[in-house]
$ cat entry38.txt   # compact mmCIF, C-alpha atoms
# COMPACT_ATOMS: atom_id res chain seq x y z
CA MET A 1 11.15 9.25 16.51
CA THR A 2 11.32 6.68 13.72
CA ARG A 3 10.79 7.96 10.18
CA ILE A 4 8.23 5.91 8.26
CA PHE A 5 7.16 6.00 4.62
CA SER A 6 4.49 4.08 2.79
CA GLY A 7 2.21 4.51 -0.20
CA ILE A 8 -0.69 3.07 -2.17
CA LYS A 9 -0.97 2.75 -5.93
CA PRO A 10 -4.14 4.22 -7.53
CA THR A 11 -4.94 1.27 -9.79
CA GLY A 12 -8.37 0.53 -8.34
CA HIS A 13 -10.82 1.40 -5.60
CA LEU A 14 -9.32 0.83 -2.15
CA THR A 15 -10.43 -2.33 -0.38
CA LEU A 16 -10.99 -3.54 3.15
CA GLY A 17 -7.54 -5.09 2.84
CA ASN A 18 -5.99 -1.70 2.11
CA TYR A 19 -7.69 -0.26 5.17
CA LEU A 20 -6.86 -3.06 7.63
CA GLY A 21 -3.41 -3.79 6.26
CA ALA A 22 -2.25 -0.24 5.64
CA LEU A 23 -4.35 2.85 6.31
CA ARG A 24 -5.49 2.00 9.81
CA GLN A 25 -1.95 1.00 10.76
CA TRP A 26 -0.64 4.34 9.49
CA VAL A 27 -3.18 6.29 11.50
CA ALA A 28 -2.22 4.41 14.65
CA ALA A 29 1.48 5.24 14.26
CA ASP A 30 3.04 7.99 16.35
CA GLN A 31 3.34 10.81 13.84
CA ARG A 32 5.09 14.09 13.15
CA PRO A 33 5.04 15.83 9.72
CA ASP A 34 8.75 15.28 9.07
CA GLU A 35 8.76 11.70 10.39
CA ALA A 36 5.64 10.11 8.85
CA LEU A 37 5.23 10.34 5.08
CA PHE A 38 2.35 8.78 3.15
CA CYS A 39 2.11 8.94 -0.60
CA VAL A 40 -0.25 8.16 -3.48
CA VAL A 41 2.28 6.43 -5.73
CA ASP A 42 0.64 7.44 -8.98
CA LEU A 43 3.72 6.86 -11.16
CA HIS A 44 3.48 3.16 -10.37
CA ALA A 45 0.00 3.09 -11.91
CA LEU A 46 1.54 3.76 -15.33
CA THR A 47 3.41 0.45 -15.48
CA VAL A 48 0.43 -1.35 -17.06
CA GLU A 49 -2.27 -0.48 -19.60
CA HIS A 50 -4.41 2.27 -18.08
CA ASP A 51 -6.94 5.00 -18.77
CA PRO A 52 -5.37 8.41 -17.92
CA ALA A 53 -8.68 9.88 -16.75
CA ARG A 54 -9.25 6.92 -14.45
CA VAL A 55 -5.77 7.22 -12.94
CA ARG A 56 -6.43 10.90 -12.15
CA ARG A 57 -9.84 10.10 -10.67
CA LEU A 58 -8.54 7.25 -8.54
CA SER A 59 -5.54 9.31 -7.40
CA ARG A 60 -7.91 11.93 -6.00
CA GLN A 61 -10.08 9.26 -4.41
CA VAL A 62 -7.13 7.54 -2.74
CA ALA A 63 -5.84 10.84 -1.36
CA THR A 64 -9.31 11.63 -0.03
CA LEU A 65 -9.54 8.22 1.63
CA PHE A 66 -6.15 8.83 3.26
CA LEU A 67 -7.68 11.82 4.99
CA ALA A 68 -11.02 10.15 5.65
CA SER A 69 -9.26 7.25 7.36
CA GLY A 70 -7.80 9.65 9.90
CA LEU A 71 -4.42 10.72 8.56
CA ASP A 72 -3.92 14.26 9.80
CA PRO A 73 -1.82 16.63 7.61
CA GLU A 74 -0.82 18.42 10.82
CA LYS A 75 0.80 15.21 12.06
CA CYS A 76 2.13 13.63 8.86
CA THR A 77 3.03 14.50 5.27
CA LEU A 78 0.56 13.46 2.57
CA PHE A 79 1.48 13.96 -1.06
CA MET A 80 1.32 12.71 -4.64
CA GLN A 81 4.44 10.89 -5.81
CA SER A 82 4.54 12.59 -9.23
CA HIS A 83 4.58 16.01 -7.53
CA VAL A 84 8.05 15.36 -6.07
CA ASP A 85 10.74 15.08 -8.77
CA GLU A 86 13.28 13.57 -6.38
CA HIS A 87 11.61 10.18 -6.76
CA THR A 88 12.45 9.88 -10.45
CA ARG A 89 15.85 11.56 -10.02
CA LEU A 90 16.88 8.93 -7.50
CA SER A 91 15.27 6.05 -9.38
CA TYR A 92 17.76 6.30 -12.25
CA VAL A 93 20.73 6.34 -9.90
CA LEU A 94 19.39 3.20 -8.21
CA GLU A 95 18.82 1.56 -11.60
CA CYS A 96 22.58 1.97 -12.02
CA THR A 97 22.99 0.02 -8.78
CA ALA A 98 20.42 -2.75 -9.35
CA THR A 99 20.81 -5.76 -11.66
CA ASP A 100 18.62 -7.23 -14.36
CA GLY A 101 18.46 -10.54 -12.49
CA GLU A 102 17.10 -8.86 -9.36
CA MET A 103 14.31 -7.26 -11.32
CA ARG A 104 13.28 -10.46 -13.09
CA ARG A 105 13.10 -12.36 -9.81
CA MET A 106 10.42 -10.04 -8.45
CA ILE A 107 7.26 -12.11 -7.91
CA GLN A 108 4.88 -9.34 -8.96
CA TYR A 109 6.80 -8.82 -12.21
CA LYS A 110 6.48 -12.50 -13.04
CA GLU A 111 2.75 -12.49 -12.31
CA LYS A 112 1.85 -9.22 -14.02
CA SER A 113 4.01 -9.78 -17.09
CA ALA A 114 2.40 -13.20 -17.55
CA GLN A 115 -1.05 -11.59 -17.26
CA ALA A 116 -0.13 -8.91 -19.83
CA GLN A 117 1.21 -11.48 -22.28
CA ALA A 118 -1.85 -13.70 -21.83
CA SER A 119 -4.13 -10.78 -22.71
CA GLY A 120 -2.09 -9.91 -25.79
CA GLU A 121 -0.57 -6.74 -24.34
CA GLY A 122 3.08 -5.80 -24.42
CA VAL A 123 5.04 -5.81 -21.18
CA ARG A 124 6.18 -2.29 -20.37
CA LEU A 125 9.79 -1.76 -19.35
CA SER A 126 8.53 0.24 -16.37
CA LEU A 127 6.87 -2.92 -15.03
CA LEU A 128 10.30 -4.51 -14.81
CA THR A 129 11.99 -1.51 -13.21
CA TYR A 130 9.27 -0.17 -10.94
CA PRO A 131 10.66 -1.93 -7.84
CA VAL A 132 13.65 0.39 -8.21
CA LEU A 133 11.33 3.39 -8.27
CA MET A 134 9.71 1.99 -5.14
CA ALA A 135 13.15 1.75 -3.56
CA ALA A 136 13.73 5.39 -4.49
CA ASP A 137 10.40 6.32 -2.88
CA ILE A 138 11.65 4.81 0.36
CA LEU A 139 15.33 5.73 0.37
CA ALA A 140 14.85 9.38 -0.65
CA TYR A 141 13.54 10.19 2.83
CA GLY A 142 15.99 8.35 5.06
CA THR A 143 13.13 6.00 5.89
CA GLU A 144 13.68 3.67 8.82
CA GLU A 145 10.43 1.69 8.76
CA VAL A 146 8.10 0.82 5.87
CA PRO A 147 4.64 -0.34 7.03
CA VAL A 148 3.33 -2.50 4.16
CA GLY A 149 1.36 -5.67 3.52
CA GLU A 150 3.08 -9.03 3.26
CA ASP A 151 2.92 -8.93 -0.55
CA GLN A 152 5.27 -5.93 -0.62
CA ARG A 153 7.94 -7.42 1.64
CA GLN A 154 10.10 -8.51 -1.33
CA HIS A 155 10.18 -4.97 -2.71
CA VAL A 156 11.26 -3.48 0.60
CA GLU A 157 13.96 -6.14 0.86
CA LEU A 158 15.19 -4.95 -2.54
CA ALA A 159 15.34 -1.38 -1.21
CA ARG A 160 17.44 -2.65 1.70
CA ASP A 161 19.78 -4.50 -0.66
CA LEU A 162 20.23 -1.47 -2.91
CA ALA A 163 20.88 0.82 0.06
CA VAL A 164 23.55 -1.50 1.44
CA ARG A 165 25.19 -1.97 -1.98
CA PHE A 166 25.22 1.75 -2.74
CA ASN A 167 26.65 2.55 0.68
CA GLN A 168 29.40 -0.03 0.26
CA ARG A 169 30.37 1.15 -3.23
CA TYR A 170 30.04 4.91 -2.93
CA GLY A 171 30.11 5.76 0.75
CA HIS A 172 27.37 5.89 3.35
CA THR A 173 24.40 7.68 1.78
CA PHE A 174 21.18 5.85 2.62
CA THR A 175 19.46 4.66 5.76
CA VAL A 176 18.71 0.93 5.47
CA PRO A 177 14.94 0.51 6.09
CA LYS A 178 13.04 -2.39 7.60
CA VAL A 179 9.56 -3.79 6.98
CA THR A 180 6.84 -3.55 9.61
CA LEU A 181 3.72 -5.71 9.23
CA PRO A 182 0.40 -5.51 11.08
CA LYS A 183 -0.16 -8.24 13.68
CA VAL A 184 -3.37 -9.55 12.09
CA ALA A 185 -4.98 -9.18 8.68
CA ALA A 186 -1.63 -8.36 7.12
CA ARG A 187 -3.02 -9.89 3.98
CA VAL A 188 -6.81 -9.95 3.71
CA MET A 189 -7.85 -12.57 1.20
CA ASP A 190 -10.60 -12.58 -1.43
CA LEU A 191 -13.88 -13.77 0.09
CA GLN A 192 -14.56 -15.97 -2.93
CA GLU A 193 -10.98 -17.14 -3.46
CA PRO A 194 -9.44 -17.23 0.03
CA THR A 195 -6.04 -18.32 -1.27
CA SER A 196 -5.74 -15.08 -3.28
CA LYS A 197 -5.23 -11.56 -1.94
CA MET A 198 -8.19 -9.16 -1.88
CA GLY A 199 -6.84 -6.89 -4.62
CA LYS A 200 -8.11 -3.48 -5.68
CA SER A 201 -7.13 -4.10 -9.31
CA GLY A 202 -9.27 -7.17 -9.78
CA GLY A 203 -12.47 -5.44 -10.83
CA ALA A 204 -15.74 -5.48 -8.92
CA GLY A 205 -15.60 -9.16 -7.95
CA PRO A 206 -18.01 -10.54 -5.34
CA GLY A 207 -15.10 -11.47 -3.08
CA VAL A 208 -13.70 -7.94 -2.81
CA VAL A 209 -15.06 -5.52 -0.19
CA PHE A 210 -14.31 -1.94 -1.19
CA MET A 211 -13.99 0.82 1.38
CA LEU A 212 -16.81 2.78 -0.24
CA ASP A 213 -19.21 -0.16 -0.70
CA GLU A 214 -22.71 0.46 0.65
CA PRO A 215 -23.51 -1.45 3.88
CA GLU A 216 -25.99 -3.73 2.09
CA VAL A 217 -23.36 -4.60 -0.50
CA ILE A 218 -20.82 -5.39 2.22
CA ARG A 219 -23.27 -7.66 4.02
CA LYS A 220 -24.13 -9.51 0.83
CA LYS A 221 -20.47 -10.10 -0.04
CA VAL A 222 -19.58 -11.34 3.44
CA MET A 223 -22.63 -13.61 3.72
CA ARG A 224 -21.71 -15.19 0.39
CA ALA A 225 -18.07 -15.70 1.40
CA VAL A 226 -16.64 -19.12 0.59
CA THR A 227 -16.13 -21.35 3.59
CA ASP A 228 -14.34 -24.67 3.57
CA SER A 229 -15.65 -28.11 2.76
CA GLY A 230 -16.00 -30.65 5.52
CA ASP A 231 -17.79 -30.62 8.85
CA GLY A 232 -14.91 -29.63 11.11
CA GLY A 233 -16.75 -26.60 12.45
CA VAL A 234 -15.24 -23.15 12.91
CA VAL A 235 -11.50 -23.67 13.32
CA TYR A 236 -8.66 -21.23 12.75
CA ASP A 237 -6.30 -23.03 10.36
CA ARG A 238 -4.83 -20.96 7.53
CA GLU A 239 -3.58 -23.99 5.59
CA ALA A 240 -6.47 -26.42 5.91
CA ARG A 241 -9.35 -23.93 6.33
CA PRO A 242 -8.35 -20.73 4.46
CA GLY A 243 -11.91 -19.44 4.00
CA VAL A 244 -12.83 -19.57 7.66
CA ALA A 245 -9.39 -18.33 8.69
CA ASN A 246 -9.80 -15.29 6.46
CA LEU A 247 -13.16 -14.42 8.04
CA LEU A 248 -11.66 -14.83 11.52
CA ASP A 249 -8.68 -12.66 10.58
CA VAL A 250 -11.02 -9.91 9.39
CA LEU A 251 -13.17 -10.15 12.52
CA ALA A 252 -10.08 -10.05 14.72
CA ALA A 253 -8.73 -7.01 12.90
CA CYS A 254 -12.07 -5.20 13.23
CA THR A 255 -12.67 -6.01 16.89
CA GLY A 256 -9.17 -6.35 18.31
CA GLY A 257 -9.59 -10.03 19.18
CA ASP A 258 -7.45 -13.09 18.53
CA PRO A 259 -8.51 -15.20 15.50
CA ALA A 260 -8.02 -18.56 17.22
CA ALA A 261 -9.88 -17.43 20.36
CA LEU A 262 -12.73 -15.99 18.29
CA ALA A 263 -13.18 -19.33 16.51
CA GLU A 264 -14.17 -20.96 19.81
CA ARG A 265 -17.26 -18.73 20.02
CA TYR A 266 -18.90 -20.16 16.92
CA SER A 267 -20.53 -23.48 16.16
CA GLY A 268 -21.57 -22.54 12.62
CA TYR A 269 -20.59 -20.37 9.68
CA GLY A 270 -23.79 -18.31 9.57
CA ALA A 271 -23.29 -16.58 12.91
CA LEU A 272 -19.62 -15.97 12.11
CA LYS A 273 -20.48 -14.34 8.79
CA ARG A 274 -23.15 -12.12 10.35
CA ASP A 275 -20.72 -10.90 12.99
CA VAL A 276 -18.01 -10.26 10.38
CA ALA A 277 -20.47 -8.31 8.22
CA ASP A 278 -21.62 -6.20 11.18
CA ALA A 279 -18.04 -5.52 12.24
CA VAL A 280 -16.93 -4.45 8.76
CA VAL A 281 -19.94 -2.19 8.22
CA GLU A 282 -19.37 -0.43 11.55
CA LEU A 283 -15.62 -0.15 10.97
CA LEU A 284 -16.06 1.56 7.61
CA ARG A 285 -19.08 3.71 8.47
CA PRO A 286 -17.18 6.74 9.89
CA VAL A 287 -14.63 6.55 7.08
CA GLN A 288 -17.36 6.65 4.45
CA GLU A 289 -19.10 9.56 6.15
CA ARG A 290 -15.86 11.55 6.34
CA HIS A 291 -15.03 10.71 2.72
CA ALA A 292 -18.36 12.17 1.59
CA GLU A 293 -17.56 15.43 3.39
CA LEU A 294 -14.06 15.69 1.93
CA ALA A 295 -15.16 14.76 -1.60
CA ALA A 296 -17.51 17.74 -1.52
CA ASP A 297 -14.51 20.06 -1.02
CA PRO A 298 -11.80 18.89 -3.48
CA ALA A 299 -9.90 22.18 -3.19
CA ALA A 300 -9.13 21.40 0.45
CA VAL A 301 -7.71 18.00 -0.50
CA GLU A 302 -5.60 19.57 -3.26
CA LYS A 303 -4.23 22.10 -0.75
CA VAL A 304 -3.14 19.28 1.56
CA LEU A 305 -1.37 17.52 -1.32
CA ARG A 306 0.32 20.70 -2.50
CA GLU A 307 1.65 21.56 0.94
CA GLY A 308 2.65 17.94 1.54
CA ALA A 309 4.65 17.83 -1.70
CA GLY A 310 6.52 20.96 -0.63
CA ARG A 311 7.53 19.37 2.69
CA ALA A 312 8.47 16.13 0.95
CA ARG A 313 10.78 17.94 -1.49
CA GLU A 314 12.58 19.66 1.38
CA LEU A 315 13.23 16.30 3.03
CA ALA A 316 14.20 14.35 -0.10
CA ARG A 317 16.36 16.85 -1.99
CA PRO A 318 19.41 16.73 0.34
CA VAL A 319 19.42 12.91 0.26
CA VAL A 320 19.13 12.73 -3.52
CA ASP A 321 21.75 15.45 -4.03
CA ARG A 322 24.10 13.50 -1.76
CA ALA A 323 23.50 10.33 -3.80
CA TYR A 324 24.29 12.19 -7.03
CA ARG A 325 27.57 13.43 -5.61
CA ALA A 326 28.47 10.03 -4.21
CA ILE A 327 27.96 8.17 -7.49
CA GLY A 328 30.16 10.64 -9.39
CA LEU A 329 27.91 13.33 -10.89
CA LEU A 330 29.00 16.96 -10.99
CA GLU A 331 26.98 19.48 -9.05
CA PRO A 332 25.05 21.94 -11.26

$ encode --input "entry38.txt" --output "C-alpha cells"
Amino acid sequence: MTRIFSGIKPTGHLTLGNYLGALRQWVAADQRPDEALFCVVDLHALTVEHDPARVRRLSRQVATLFLASGLDPEKCTLFMQSHVDEHTRLSYVLECTATDGEMRRMIQYKEKSAQAQASGEGVRLSLLTYPVLMAADILAYGTEEVPVGEDQRQHVELARDLAVRFNQRYGHTFTVPKVTLPKVAARVMDLQEPTSKMGKSGGAGPGVVFMLDEPEVIRKKVMRAVTDSGDGGVVYDREARPGVANLLDVLAACTGGDPAALAERYSGYGALKRDVADAVVELLRPVQERHAELAADPAAVEKVLREGAGRARELARPVVDRAYRAIGLLEP
C-alpha cells in the first residue's frame, strides 16, 4: 500500500472546499492505520494573530468533522499535530537544510505577511518557517503521497526538495513524496469572488459555504452566487467565465459528473444554481447529522485522538531518530 499523509489547519470553520478538495478524497482512499495518517495541524494555526480559546475550539471541531466525514480510526490514524513531538524535533533539522530564499519565495508567506503588515500587525517568524514544519509533518512518516488542494502544491514541492537535499548531503533518510490532487473541485472558489479560493479563514462571507451551515443558509449563498457578465449562456470556461465554471465544478464534484457536459444541460443560471444548492445540501446532510452525534460525546473524539497520537509517534520516531543521526547529532 501507499502511505499517505495530509492535514487541515484549525484557523476557521471548515468549508465546502475543504470537504470536496480534501476530506472526501481522504475517505475514498484505500486505508490502513499505519498507511493513512490524517492530522489537525494545530501548530500551524499559531503562525498568525489568534485567540487561544478559539484555536482549541476549532481544533476539536475539525477533528470531529474528520470523523463525521467518514474517516474511520480503525482504518486510518487521526491525531493532533501538537500531540506528537517528532514534528517539531524534525522541523529544526529541516530548517538547517532549507534556505532563507526558499522560505521567502513561498506564495502564502508573501500574501499573509502583506496582510499582517497592512493591518498593523507584526509578521511572526513562524509564518516564514512554517513550510518547513509542514515538510516535517510529511517526511516524518515516510509519506509517499500527499493529497492536498492546488494551493498547497508549492509546500509539498518544498518537502520534496528538502528530502532530496538531505538525502544527498547526509545519506538516504527520507522518502520523497508526491502531490495527489482531486480530479474536480481541487480548488473551490468563493461564490462572490470566483477568482479567489473559498477560504475558511476569511470570516463568515456570503461567498463561503461552511460544512455546518444550515440548509437554508447554503441555498441562500448559492442562489446569490456571482455569475459572469454577458449573454453567452451556461458555458464551462474557467478563464472567461469563472463564476459559472465554479458552480459547474461544485455540481460535478457533488454528483460525479463532468463540468463541461453538465453545462450543456442548462440554458439559464437560475436552474443551475438551484441544482447546485440541492446537491450541496444533500451532500452535507449526513455529515452534519453525524457531527451532531459526535459533538455530543467529546470524550470519544478525544480517545480517538489520543490513540492516534500514540500510533503516529511509533511511526515517526524511528525516522526522526535516523535523521538526527544522519545530520551529526549524538544519540542520547

$ atom_distance --input "entry38.txt" --atom1 "CA of Lys178 (chain A)" --atom2 "CA of His83 (chain A)"
25.3 Å

$ residues_around --input "entry38.txt" --residues "His13 (chain A)" --least-positions-apart "6" --cutoff "7 Å" --atoms "only C-alpha atoms" --output "list in words"
Leu58, Lys200 and Phe210 of chain A

$ write_last_selection --input "entry38.txt" --atoms "C-alpha atoms" --output "PDB file, in the frame of the given file"
ATOM      1  CA  LEU A  58      -8.540   7.250  -8.540  1.00  0.00           C
ATOM      2  CA  LYS A 200      -8.110  -3.480  -5.680  1.00  0.00           C
ATOM      3  CA  PHE A 210     -14.310  -1.940  -1.190  1.00  0.00           C
TER       4      PHE A 210
END

$ closest_residue --input "entry38.txt" --among "A:Tyr109, A:Tyr130, A:Tyr19, A:Tyr269" --to "Met223 (chain A)" --atoms "all atoms listed in the file"
A:Tyr269

$ closest_residue --input "entry38.txt" --among "A:Thr175, A:Gln288, A:Thr227, A:Gln117" --to "Asp213 (chain A)" --atoms "only C-alpha atoms"
A:Gln288

$ closest_residue --input "entry38.txt" --among "A:Arg274, A:Arg322, A:Thr195, A:Glu74" --to "Asn167 (chain A)" --atoms "all atoms listed in the file"
A:Arg322

$ closest_atom_pairs --input "entry38.txt" --of "region 105-143 of chain A" --to "region 24-34 of chain A" --cutoff "12 Å" --atoms "only C-alpha atoms" --output "Markdown table"
| residue | atom | partner | partner_atom | distance |
| --- | --- | --- | --- | --- |
| A:Tyr141 | CA | A:Asp34 | CA | 9.4 |
| A:Gly142 | CA | A:Asp34 | CA | 10.8 |
| A:Thr143 | CA | A:Asp34 | CA | 10.7 |

$ write_last_selection --input "entry38.txt" --atoms "C-alpha atoms" --output "PDB file, in the frame of the given file"
ATOM      1  CA  TYR A 141      13.540  10.190   2.830  1.00  0.00           C
ATOM      2  CA  GLY A 142      15.990   8.350   5.060  1.00  0.00           C
ATOM      3  CA  THR A 143      13.130   6.000   5.890  1.00  0.00           C
TER       4      THR A 143
END

$ atom_distance --input "entry38.txt" --atom1 "CA of Lys110 (chain A)" --atom2 "CA of Asn246 (chain A)"
25.6 Å

$ residues_around --input "entry38.txt" --residues "Ala312 (chain A)" --least-positions-apart "5" --cutoff "10 Å" --atoms "all atoms listed in the file" --output "PDB file with C-alpha atoms, in the frame of the given file"
ATOM      1  CA  PRO A  33       5.040  15.830   9.720  1.00  0.00           C
ATOM      2  CA  ASP A  34       8.750  15.280   9.070  1.00  0.00           C
ATOM      3  CA  LEU A  37       5.230  10.340   5.080  1.00  0.00           C
ATOM      4  CA  PHE A  38       2.350   8.780   3.150  1.00  0.00           C
ATOM      5  CA  CYS A  39       2.110   8.940  -0.600  1.00  0.00           C
ATOM      6  CA  THR A  77       3.030  14.500   5.270  1.00  0.00           C
ATOM      7  CA  LEU A  78       0.560  13.460   2.570  1.00  0.00           C
ATOM      8  CA  PHE A  79       1.480  13.960  -1.060  1.00  0.00           C
ATOM      9  CA  MET A  80       1.320  12.710  -4.640  1.00  0.00           C
ATOM     10  CA  GLN A  81       4.440  10.890  -5.810  1.00  0.00           C
ATOM     11  CA  HIS A  83       4.580  16.010  -7.530  1.00  0.00           C
ATOM     12  CA  VAL A  84       8.050  15.360  -6.070  1.00  0.00           C
ATOM     13  CA  GLU A  86      13.280  13.570  -6.380  1.00  0.00           C
ATOM     14  CA  ALA A 140      14.850   9.380  -0.650  1.00  0.00           C
ATOM     15  CA  TYR A 141      13.540  10.190   2.830  1.00  0.00           C
ATOM     16  CA  ARG A 306       0.320  20.700  -2.500  1.00  0.00           C
ATOM     17  CA  GLU A 307       1.650  21.560   0.940  1.00  0.00           C
ATOM     18  CA  ARG A 317      16.360  16.850  -1.990  1.00  0.00           C
TER      19      ARG A 317
END

$ closest_residue --input "entry38.txt" --among "A:Glu144, A:Glu216, A:Glu102, A:Glu282" --to "Leu162 (chain A)" --atoms "only C-alpha atoms"
A:Glu102

$ atom_distance --input "entry38.txt" --atom1 "CA of Ala279 (chain A)" --atom2 "CA of Val250 (chain A)"
8.8 Å

$ closest_residue --input "entry38.txt" --among "A:Ala53, A:Asp190, A:Leu90, A:Glu150" --to "Pro318 (chain A)" --atoms "all atoms listed in the file"
A:Leu90

$ closest_residue --input "entry38.txt" --among "A:Arg160, A:Asp51, A:Gly120, A:Gly171" --to "Ala326 (chain A)" --atoms "only C-alpha atoms"
A:Gly171

$ residues_around --input "entry38.txt" --residues "Gln108 (chain A)" --least-positions-apart "5" --cutoff "10 Å" --atoms "all atoms listed in the file" --output "PDB file with C-alpha atoms, keeping the file's coordinate frame"
ATOM      1  CA  MET A 103      14.310  -7.260 -11.320  1.00  0.00           C
ATOM      2  CA  SER A 113       4.010  -9.780 -17.090  1.00  0.00           C
ATOM      3  CA  ALA A 114       2.400 -13.200 -17.550  1.00  0.00           C
ATOM      4  CA  LEU A 127       6.870  -2.920 -15.030  1.00  0.00           C
ATOM      5  CA  LEU A 128      10.300  -4.510 -14.810  1.00  0.00           C
ATOM      6  CA  PRO A 131      10.660  -1.930  -7.840  1.00  0.00           C
ATOM      7  CA  ASP A 151       2.920  -8.930  -0.550  1.00  0.00           C
ATOM      8  CA  GLN A 152       5.270  -5.930  -0.620  1.00  0.00           C
ATOM      9  CA  GLN A 154      10.100  -8.510  -1.330  1.00  0.00           C
ATOM     10  CA  HIS A 155      10.180  -4.970  -2.710  1.00  0.00           C
TER      11      HIS A 155
END

$ residues_around --input "entry38.txt" --residues "Val179 (chain A)" --least-positions-apart "2" --cutoff "7 Å" --atoms "all atoms listed in the file" --output "PyMOL selection string"
chain A and resi 145-148+153+156+177+181

$ decode --input "entry38.txt" --residues "region 237-274 of chain A" --atoms "C-alpha atoms" --output "compact mmCIF listing (two decimals), in the first residue's frame"
# COMPACT_ATOMS: atom_id res chain seq x y z
CA ASP A 237 -14.71 28.24 -19.25
CA ARG A 238 -12.51 28.81 -16.19
CA GLU A 239 -10.75 31.83 -17.69
CA ALA A 240 -13.59 33.72 -19.33
CA ARG A 241 -16.48 32.55 -17.11
CA PRO A 242 -15.03 31.82 -13.64
CA GLY A 243 -18.31 32.21 -11.76
CA VAL A 244 -20.24 29.71 -13.84
CA ALA A 245 -17.24 27.38 -14.03
CA ASN A 246 -17.03 27.34 -10.23
CA LEU A 247 -20.70 26.37 -9.91
CA LEU A 248 -20.25 23.63 -12.51
CA ASP A 249 -17.15 22.35 -10.72
CA VAL A 250 -19.07 22.13 -7.46
CA LEU A 251 -22.02 20.38 -9.11
CA ALA A 252 -19.68 17.94 -10.82
CA ALA A 253 -17.90 17.17 -7.56
CA CYS A 254 -21.21 16.60 -5.77
CA THR A 255 -22.81 14.44 -8.44
CA GLY A 256 -19.86 12.75 -10.12
CA GLY A 257 -20.48 14.41 -13.49
CA ASP A 258 -18.21 16.27 -15.90
CA PRO A 259 -18.36 20.10 -15.64
CA ALA A 260 -18.35 20.71 -19.40
CA ALA A 261 -21.02 18.06 -20.02
CA LEU A 262 -23.19 19.42 -17.20
CA ALA A 263 -23.08 22.90 -18.74
CA GLU A 264 -24.96 21.60 -21.79
CA ARG A 265 -27.99 20.80 -19.64
CA TYR A 266 -28.68 24.41 -18.70
CA SER A 267 -29.99 27.37 -20.63
CA GLY A 268 -30.00 29.74 -17.65
CA TYR A 269 -28.25 30.44 -14.38
CA GLY A 270 -31.30 30.01 -12.14
CA ALA A 271 -31.78 26.31 -12.79
CA LEU A 272 -28.04 25.70 -12.44
CA LYS A 273 -27.94 27.45 -9.07
CA ARG A 274 -30.96 25.53 -7.78
